[in-house]
Amino acid sequence: MEHHDQARVDRSTTMRRVDTPAGVIEYADDGVGAPVVLLHGLLMDHEVWDAVVPLLPSGFRYIRPVLPLGSHRIPLAADADLTLDGMVRLVADVLDALDLDEVTLVHSDWGGALFLTALGLDRRIGRMIVLPCEAFDNFPPGLPGKMATLAVRLPGGITLAARQLRIGWLRRLPMLWGWMVNGPVDPAQMRRWTDPVLTDPRIRRDVTKYATTDFDAAELIRRTEALSGFEGEALVLWSPDNRVMPPAHGPRLAELLPRGRYVPMPGAAVLPMLDDPQTVAAGIGAFLTDARPAS
């Protein structure tokens, strides 16, 4: 059930809360209209979309849940299943709890929600937009993902990795964020994203559950290929020049989706919403308004 009381978080952003079987999930909620749900990746939260949302077209409701991927501020239940499968179910549970239908689901960096179709949990999804994200057997993704997974498995490793992300020259290394963005990252933003995992052992517990998931390459590919059964319109807004999510995965996903189309973003990295929010907003906005049913 949705909490109608609201909590104030950093940057005076008004956040709402919703109950799920795994625990309380915070989310930002902007606008009125057809629902658009924007996801995020490891050690970041809804704020990754801050520069994009104000540029998107009116007439839509933009919902940004904070997934328990290390930058969430409310720990989930101690017994919550936060493995890959549990995280996919959590996305479906959030949509259920908010009673959203015909959702446009926007994937970025974390690719787990691509598996909603494979798990039979996509009944609330009408359309999807796929930015560079994990897909096929690219879990964890590239060098940064593999280094993050290694860090989580080492005693004190996730704390060390979070501290390194706060140091500019270390953050720019390819094994950390050097390949995630082309431009600089706001140091204050990175402090906000790393505060929870550095200050709350329950947050570390949550993200460790996900990051220590054992991935099976053949099963990951099978689940991605289940998107061939997704009947909604889909936009794959992919960077052919990024070095973390294979360039070939963009066209491959668009070909796999029966109503998918591929739009390249040359020169973009993994998180183009940070480097070039105008281009990302233009691509998403054109898809939303083109795909919106006539009133």
# chains A, B, ... in the order shown; residues from 1 in each chain; ligands from 1
>>> closest_atom_pairs(of="range 46-113 of chain A", to="range 245-253 of chain A", cutoff="12 Å", atoms="only C-alpha atoms", output="JSON lines")
{"residue": "A:Ser108", "atom": "CA", "partner": "A:Met245", "partner_atom": "CA", "distance": 10.6}
{"residue": "A:Asp109", "atom": "CA", "partner": "A:Met245", "partner_atom": "CA", "distance": 8.4}
{"residue": "A:Trp110", "atom": "CA", "partner": "A:Met245", "partner_atom": "CA", "distance": 10.5}
{"residue": "A:Gly111", "atom": "CA", "partner": "A:Met245", "partner_atom": "CA", "distance": 10.3}
>>> write_last_selection(atoms="all heavy atoms", output="short mmCIF file (atom, residue, chain, number, x, y, z; two decimals), in the first residue's frame")
data_model
loop_
_atom_site.label_atom_id
_atom_site.label_comp_id
_atom_site.auth_asym_id
_atom_site.auth_seq_id
_atom_site.Cartn_x
_atom_site.Cartn_y
_atom_site.Cartn_z
N SER A 108 18.07 1.28 -17.50
CA SER A 108 19.38 1.93 -17.61
C SER A 108 20.37 1.26 -16.68
O SER A 108 20.09 1.08 -15.49
CB SER A 108 19.27 3.42 -17.25
OG SER A 108 20.55 4.01 -17.14
N ASP A 109 21.51 0.88 -17.20
CA ASP A 109 22.62 0.29 -16.44
C ASP A 109 22.24 -1.09 -15.88
O ASP A 109 22.74 -2.11 -16.35
CB ASP A 109 23.09 1.24 -15.34
CG ASP A 109 24.38 0.75 -14.67
OD1 ASP A 109 25.17 0.06 -15.34
OD2 ASP A 109 24.58 1.07 -13.49
N TRP A 110 21.37 -1.14 -14.88
CA TRP A 110 20.90 -2.43 -14.36
C TRP A 110 19.91 -3.02 -15.35
O TRP A 110 18.92 -2.40 -15.71
CB TRP A 110 20.25 -2.25 -12.99
CG TRP A 110 19.75 -3.55 -12.42
CD1 TRP A 110 20.50 -4.63 -12.07
CD2 TRP A 110 18.38 -3.90 -12.15
NE1 TRP A 110 19.69 -5.64 -11.59
CE2 TRP A 110 18.39 -5.22 -11.64
CE3 TRP A 110 17.16 -3.24 -12.30
CZ2 TRP A 110 17.22 -5.88 -11.26
CZ3 TRP A 110 16.00 -3.89 -11.92
CH2 TRP A 110 16.04 -5.20 -11.41
N GLY A 111 20.17 -4.25 -15.78
CA GLY A 111 19.32 -4.86 -16.79
C GLY A 111 18.37 -5.91 -16.29
O GLY A 111 17.66 -6.54 -17.08
#
>>> closest_atom_pairs(of="range 191-278 of chain A", to="range 75-80 of chain A", cutoff="8 Å", atoms="only C-alpha atoms", output="tab-separated table")
residue	atom	partner	partner_atom	distance
A:Arg202	CA	A:Pro75	CA	5.8
A:Ile203	CA	A:Pro75	CA	5.5
A:Asp206	CA	A:Leu76	CA	7.0
>>> residues_around(residues="Arg127 in chain A", least_positions_apart="5", cutoff="7 Å", atoms="only C-alpha atoms", output="number ranges by chain")
A: 103-105, 232-234
>>> write_last_selection(atoms="all heavy atoms", output="tab-separated table (two decimals), in the first residue's frame")
chain	number	residue	atom	x	y	z
A	103	VAL	N	2.46	0.68	-18.32
A	103	VAL	CA	3.67	1.41	-17.93
A	103	VAL	C	4.66	1.43	-19.09
A	103	VAL	O	4.84	0.43	-19.79
A	103	VAL	CB	4.32	0.73	-16.71
A	103	VAL	CG1	5.70	1.31	-16.41
A	103	VAL	CG2	3.40	0.83	-15.50
A	104	THR	N	5.30	2.57	-19.29
A	104	THR	CA	6.51	2.62	-20.11
A	104	THR	C	7.68	2.46	-19.16
A	104	THR	O	7.92	3.32	-18.31
A	104	THR	CB	6.63	3.95	-20.87
A	104	THR	OG1	5.51	4.10	-21.74
A	104	THR	CG2	7.91	3.97	-21.70
A	105	LEU	N	8.38	1.34	-19.26
A	105	LEU	CA	9.48	1.03	-18.33
A	105	LEU	C	10.80	1.39	-19.00
A	105	LEU	O	11.10	0.94	-20.12
A	105	LEU	CB	9.46	-0.45	-17.97
A	105	LEU	CG	10.43	-0.89	-16.87
A	105	LEU	CD1	10.11	-0.19	-15.55
A	105	LEU	CD2	10.38	-2.41	-16.68
A	232	GLY	N	4.69	-5.11	-26.74
A	232	GLY	CA	4.58	-3.66	-26.76
A	232	GLY	C	5.65	-3.01	-27.61
A	232	GLY	O	6.65	-3.63	-28.00
A	233	GLU	N	5.45	-1.73	-27.90
A	233	GLU	CA	6.46	-0.96	-28.62
A	233	GLU	C	7.69	-0.79	-27.75
A	233	GLU	O	7.60	-0.70	-26.52
A	233	GLU	CB	5.90	0.40	-29.03
A	233	GLU	CG	4.79	0.32	-30.04
A	233	GLU	CD	4.35	1.69	-30.51
A	233	GLU	OE1	4.49	2.65	-29.72
A	233	GLU	OE2	3.85	1.81	-31.64
A	234	ALA	N	8.85	-0.74	-28.37
A	234	ALA	CA	10.10	-0.63	-27.62
A	234	ALA	C	11.09	0.23	-28.39
A	234	ALA	O	11.20	0.13	-29.61
A	234	ALA	CB	10.69	-2.01	-27.35
>>> select_by_dssp(residues="range 94-293 of chain A", states="alpha helix (DSSP H)", output="PyMOL selection string")
chain A and resi 94-97+142-153+157-165+168-171+187-199+201-211+217-225+249-256+272-275+277-291
>>> residues_around(residues="Val91 in chain A", least_positions_apart="5", cutoff="9 Å", atoms="only C-alpha atoms", output="list of chain:residue names")
A:Pro65, A:Leu67, A:Gly86, A:Asp96, A:Ala113, A:Leu116
>>> write_last_selection(atoms="all heavy atoms", output="short mmCIF file (atom, residue, chain, number, x, y, z; two decimals), in the first residue's frame")
data_model
loop_
_atom_site.label_atom_id
_atom_site.label_comp_id
_atom_site.auth_asym_id
_atom_site.auth_seq_id
_atom_site.Cartn_x
_atom_site.Cartn_y
_atom_site.Cartn_z
N PRO A 65 11.56 4.83 -8.84
CA PRO A 65 11.77 4.10 -7.59
C PRO A 65 13.25 4.01 -7.24
O PRO A 65 14.11 3.98 -8.13
CB PRO A 65 11.20 2.71 -7.91
CG PRO A 65 11.30 2.58 -9.39
CD PRO A 65 11.15 3.98 -9.95
N LEU A 67 15.75 1.61 -6.02
CA LEU A 67 15.96 0.17 -5.84
C LEU A 67 17.04 -0.08 -4.80
O LEU A 67 17.95 0.74 -4.61
CB LEU A 67 16.34 -0.46 -7.17
CG LEU A 67 15.33 -0.29 -8.31
CD1 LEU A 67 15.89 -0.88 -9.61
CD2 LEU A 67 14.00 -0.94 -7.96
N GLY A 86 14.94 -11.94 -7.07
CA GLY A 86 14.20 -11.16 -6.09
C GLY A 86 14.07 -9.71 -6.49
O GLY A 86 13.03 -9.08 -6.30
N ASP A 96 2.78 -3.24 -8.91
CA ASP A 96 1.52 -3.73 -8.34
C ASP A 96 1.05 -2.82 -7.21
O ASP A 96 -0.13 -2.45 -7.13
CB ASP A 96 1.70 -5.15 -7.80
CG ASP A 96 1.75 -6.20 -8.90
OD1 ASP A 96 1.34 -5.90 -10.04
OD2 ASP A 96 2.20 -7.33 -8.62
N ALA A 113 15.50 -5.89 -14.92
CA ALA A 113 14.07 -5.76 -15.21
C ALA A 113 13.73 -6.17 -16.64
O ALA A 113 12.55 -6.32 -16.97
CB ALA A 113 13.61 -4.33 -14.94
N LEU A 116 11.51 -9.37 -16.67
CA LEU A 116 10.10 -9.43 -16.25
C LEU A 116 9.29 -10.31 -17.20
O LEU A 116 8.41 -11.06 -16.77
CB LEU A 116 9.51 -8.02 -16.20
CG LEU A 116 9.95 -7.15 -15.03
CD1 LEU A 116 9.64 -5.69 -15.30
CD2 LEU A 116 9.30 -7.60 -13.73
#
>>> atom_distance(atom1="CA of Pro141 in chain A", atom2="CA of Ile25 in chain A")
24.9 Å
>>> closest_residue(among="A:Ala162, A:Cys133, A:Leu39, A:Ala286", to="Met180 in chain A", atoms="only C-alpha atoms")
A:Cys133
>>> residues_around(residues="Val280 in chain A", least_positions_apart="2", cutoff="12 Å", atoms="only C-alpha atoms", output="number ranges by chain")
A: 49, 51-56, 106, 108, 129-132, 235-239, 263-266, 268-278, 282-287
>>> atom_distance(atom1="CA of Arg153 in chain A", atom2="CA of Pro140 in chain A")
13.2 Å
>>> residues_around(residues="Leu256 in chain A", least_positions_apart="3", cutoff="10 Å", atoms="only C-alpha atoms", output="CSV table (one decimal) with N, CA, C and O atoms, in the first residue's frame")
chain,number,residue,atom,x,y,z
A,224,THR,N,16.9,-13.1,-21.6
A,224,THR,CA,16.9,-11.9,-22.4
A,224,THR,C,16.1,-12.2,-23.7
A,224,THR,O,15.3,-11.4,-24.2
A,225,GLU,N,16.4,-13.4,-24.3
A,225,GLU,CA,15.7,-13.8,-25.5
A,225,GLU,C,14.2,-13.9,-25.4
A,225,GLU,O,13.5,-13.9,-26.4
A,226,ALA,N,13.7,-14.1,-24.1
A,226,ALA,CA,12.3,-14.2,-23.9
A,226,ALA,C,11.6,-12.9,-24.2
A,226,ALA,O,10.4,-12.8,-24.4
A,227,LEU,N,12.4,-11.8,-24.4
A,227,LEU,CA,11.8,-10.5,-24.9
A,227,LEU,C,11.1,-10.6,-26.3
A,227,LEU,O,10.4,-9.8,-26.7
A,228,SER,N,11.4,-11.7,-27.0
A,228,SER,CA,10.8,-11.9,-28.3
A,228,SER,C,9.3,-12.1,-28.1
A,228,SER,O,8.5,-12.0,-29.1
A,229,GLY,N,8.9,-12.4,-26.8
A,229,GLY,CA,7.4,-12.5,-26.6
A,229,GLY,C,6.8,-11.2,-26.0
A,229,GLY,O,5.6,-11.2,-25.7
A,230,PHE,N,7.6,-10.1,-26.0
A,230,PHE,CA,7.0,-8.8,-25.5
A,230,PHE,C,6.3,-8.1,-26.7
A,230,PHE,O,7.0,-7.9,-27.7
A,250,GLY,N,22.8,-3.5,-28.5
A,250,GLY,CA,21.7,-2.6,-28.8
A,250,GLY,C,20.9,-3.0,-30.0
A,250,GLY,O,19.7,-3.3,-29.9
A,251,PRO,N,21.5,-3.2,-31.2
A,251,PRO,CA,20.8,-3.7,-32.3
A,251,PRO,C,20.2,-5.1,-32.1
A,251,PRO,O,19.1,-5.4,-32.6
A,252,ARG,N,20.9,-5.9,-31.4
A,252,ARG,CA,20.4,-7.3,-31.1
A,252,ARG,C,19.1,-7.2,-30.3
A,252,ARG,O,18.2,-8.0,-30.6
A,253,LEU,N,19.1,-6.4,-29.3
A,253,LEU,CA,17.8,-6.2,-28.5
A,253,LEU,C,16.7,-5.7,-29.4
A,253,LEU,O,15.6,-6.2,-29.3
A,259,ARG,N,8.4,-5.3,-31.7
A,259,ARG,CA,8.1,-3.9,-32.1
A,259,ARG,C,9.2,-3.0,-31.7
A,259,ARG,O,8.9,-1.8,-31.3
A,260,GLY,N,10.4,-3.5,-31.7
A,260,GLY,CA,11.5,-2.7,-31.3
A,260,GLY,C,12.2,-1.9,-32.4
A,260,GLY,O,12.1,-2.3,-33.5
A,261,ARG,N,12.7,-0.7,-32.0
A,261,ARG,CA,13.5,0.0,-33.0
A,261,ARG,C,14.7,0.5,-32.3
A,261,ARG,O,14.7,0.8,-31.1
>>> closest_residue(among="A:Asn138, A:Asp186, A:Ala161, A:Asp290", to="Arg243 in chain A", atoms="only C-alpha atoms")
A:Asn138
>>> select_by_dssp(residues="range 5-228 of chain A", states="strand (DSSP E or B)", output="PyMOL selection string")
chain A and resi 5-8+14-20+23-30+34-38+60-65+103-110+125-133
>>> atom_distance(atom1="CA of Asp216 in chain A", atom2="CA of Pro174 in chain A")
24.9 Å
>>> decode(residues="range 82-142 of chain A", atoms="C-alpha atoms", output="JSON list (two decimals), in the first residue's frame")
[["chain", "number", "residue", "atom", "x", "y", "z"],
["A", 82, "LEU", "CA", 17.37, -9.41, -3.14],
["A", 83, "THR", "CA", 19.10, -11.80, -5.48],
["A", 84, "LEU", "CA", 18.67, -11.10, -9.18],
["A", 85, "ASP", "CA", 15.31, -12.91, -9.26],
["A", 86, "GLY", "CA", 14.20, -11.16, -6.09],
["A", 87, "MET", "CA", 15.09, -7.77, -7.54],
["A", 88, "VAL", "CA", 13.11, -8.48, -10.70],
["A", 89, "ARG", "CA", 10.10, -9.47, -8.60],
["A", 90, "LEU", "CA", 10.56, -6.33, -6.52],
["A", 91, "VAL", "CA", 10.12, -4.16, -9.63],
["A", 92, "ALA", "CA", 6.88, -6.02, -10.40],
["A", 93, "ASP", "CA", 5.79, -5.62, -6.77],
["A", 94, "VAL", "CA", 6.33, -1.85, -6.93],
["A", 95, "LEU", "CA", 4.17, -1.61, -10.05],
["A", 96, "ASP", "CA", 1.52, -3.73, -8.34],
["A", 97, "ALA", "CA", 1.61, -1.69, -5.13],
["A", 98, "LEU", "CA", 1.21, 1.55, -7.09],
["A", 99, "ASP", "CA", -1.49, -0.07, -9.25],
["A", 100, "LEU", "CA", 0.13, 1.08, -12.48],
["A", 101, "ASP", "CA", -1.00, -0.18, -15.88],
["A", 102, "GLU", "CA", 0.35, 0.29, -19.40],
["A", 103, "VAL", "CA", 3.67, 1.41, -17.93],
["A", 104, "THR", "CA", 6.51, 2.62, -20.11],
["A", 105, "LEU", "CA", 9.48, 1.03, -18.33],
["A", 106, "VAL", "CA", 12.87, 2.69, -18.85],
["A", 107, "HIS", "CA", 15.93, 0.49, -18.30],
["A", 108, "SER", "CA", 19.38, 1.93, -17.61],
["A", 109, "ASP", "CA", 22.62, 0.29, -16.44],
["A", 110, "TRP", "CA", 20.90, -2.43, -14.36],
["A", 111, "GLY", "CA", 19.32, -4.86, -16.79],
["A", 112, "GLY", "CA", 17.51, -7.19, -14.43],
["A", 113, "ALA", "CA", 14.07, -5.76, -15.21],
["A", 114, "LEU", "CA", 14.46, -6.96, -18.81],
["A", 115, "PHE", "CA", 13.64, -10.38, -17.30],
["A", 116, "LEU", "CA", 10.10, -9.43, -16.25],
["A", 117, "THR", "CA", 8.87, -11.06, -19.45],
["A", 118, "ALA", "CA", 10.86, -14.26, -18.90],
["A", 119, "LEU", "CA", 9.43, -14.56, -15.37],
["A", 120, "GLY", "CA", 5.88, -13.83, -16.49],
["A", 121, "LEU", "CA", 5.76, -10.59, -14.52],
["A", 122, "ASP", "CA", 5.33, -8.02, -17.29],
["A", 123, "ARG", "CA", 1.53, -7.73, -17.32],
["A", 124, "ARG", "CA", 1.70, -4.07, -16.27],
["A", 125, "ILE", "CA", 4.29, -3.13, -18.90],
["A", 126, "GLY", "CA", 2.90, -1.60, -22.08],
["A", 127, "ARG", "CA", 6.08, -0.23, -23.65],
["A", 128, "MET", "CA", 9.76, -0.08, -22.85],
["A", 129, "ILE", "CA", 12.79, 2.08, -23.47],
["A", 130, "VAL", "CA", 16.22, 0.47, -23.17],
["A", 131, "LEU", "CA", 19.29, 2.61, -22.59],
["A", 132, "PRO", "CA", 22.72, 0.97, -22.28],
["A", 133, "CYS", "CA", 22.24, -1.75, -19.68],
["A", 134, "GLU", "CA", 23.10, -5.31, -18.81],
["A", 135, "ALA", "CA", 21.66, -7.86, -21.23],
["A", 136, "PHE", "CA", 22.30, -11.36, -22.51],
["A", 137, "ASP", "CA", 25.37, -12.71, -20.65],
["A", 138, "ASN", "CA", 26.79, -9.30, -19.66],
["A", 139, "PHE", "CA", 26.00, -9.69, -15.92],
["A", 140, "PRO", "CA", 27.86, -8.13, -14.13],
["A", 141, "PRO", "CA", 28.64, -5.63, -16.89],
["A", 142, "GLY", "CA", 32.12, -5.16, -18.25]]
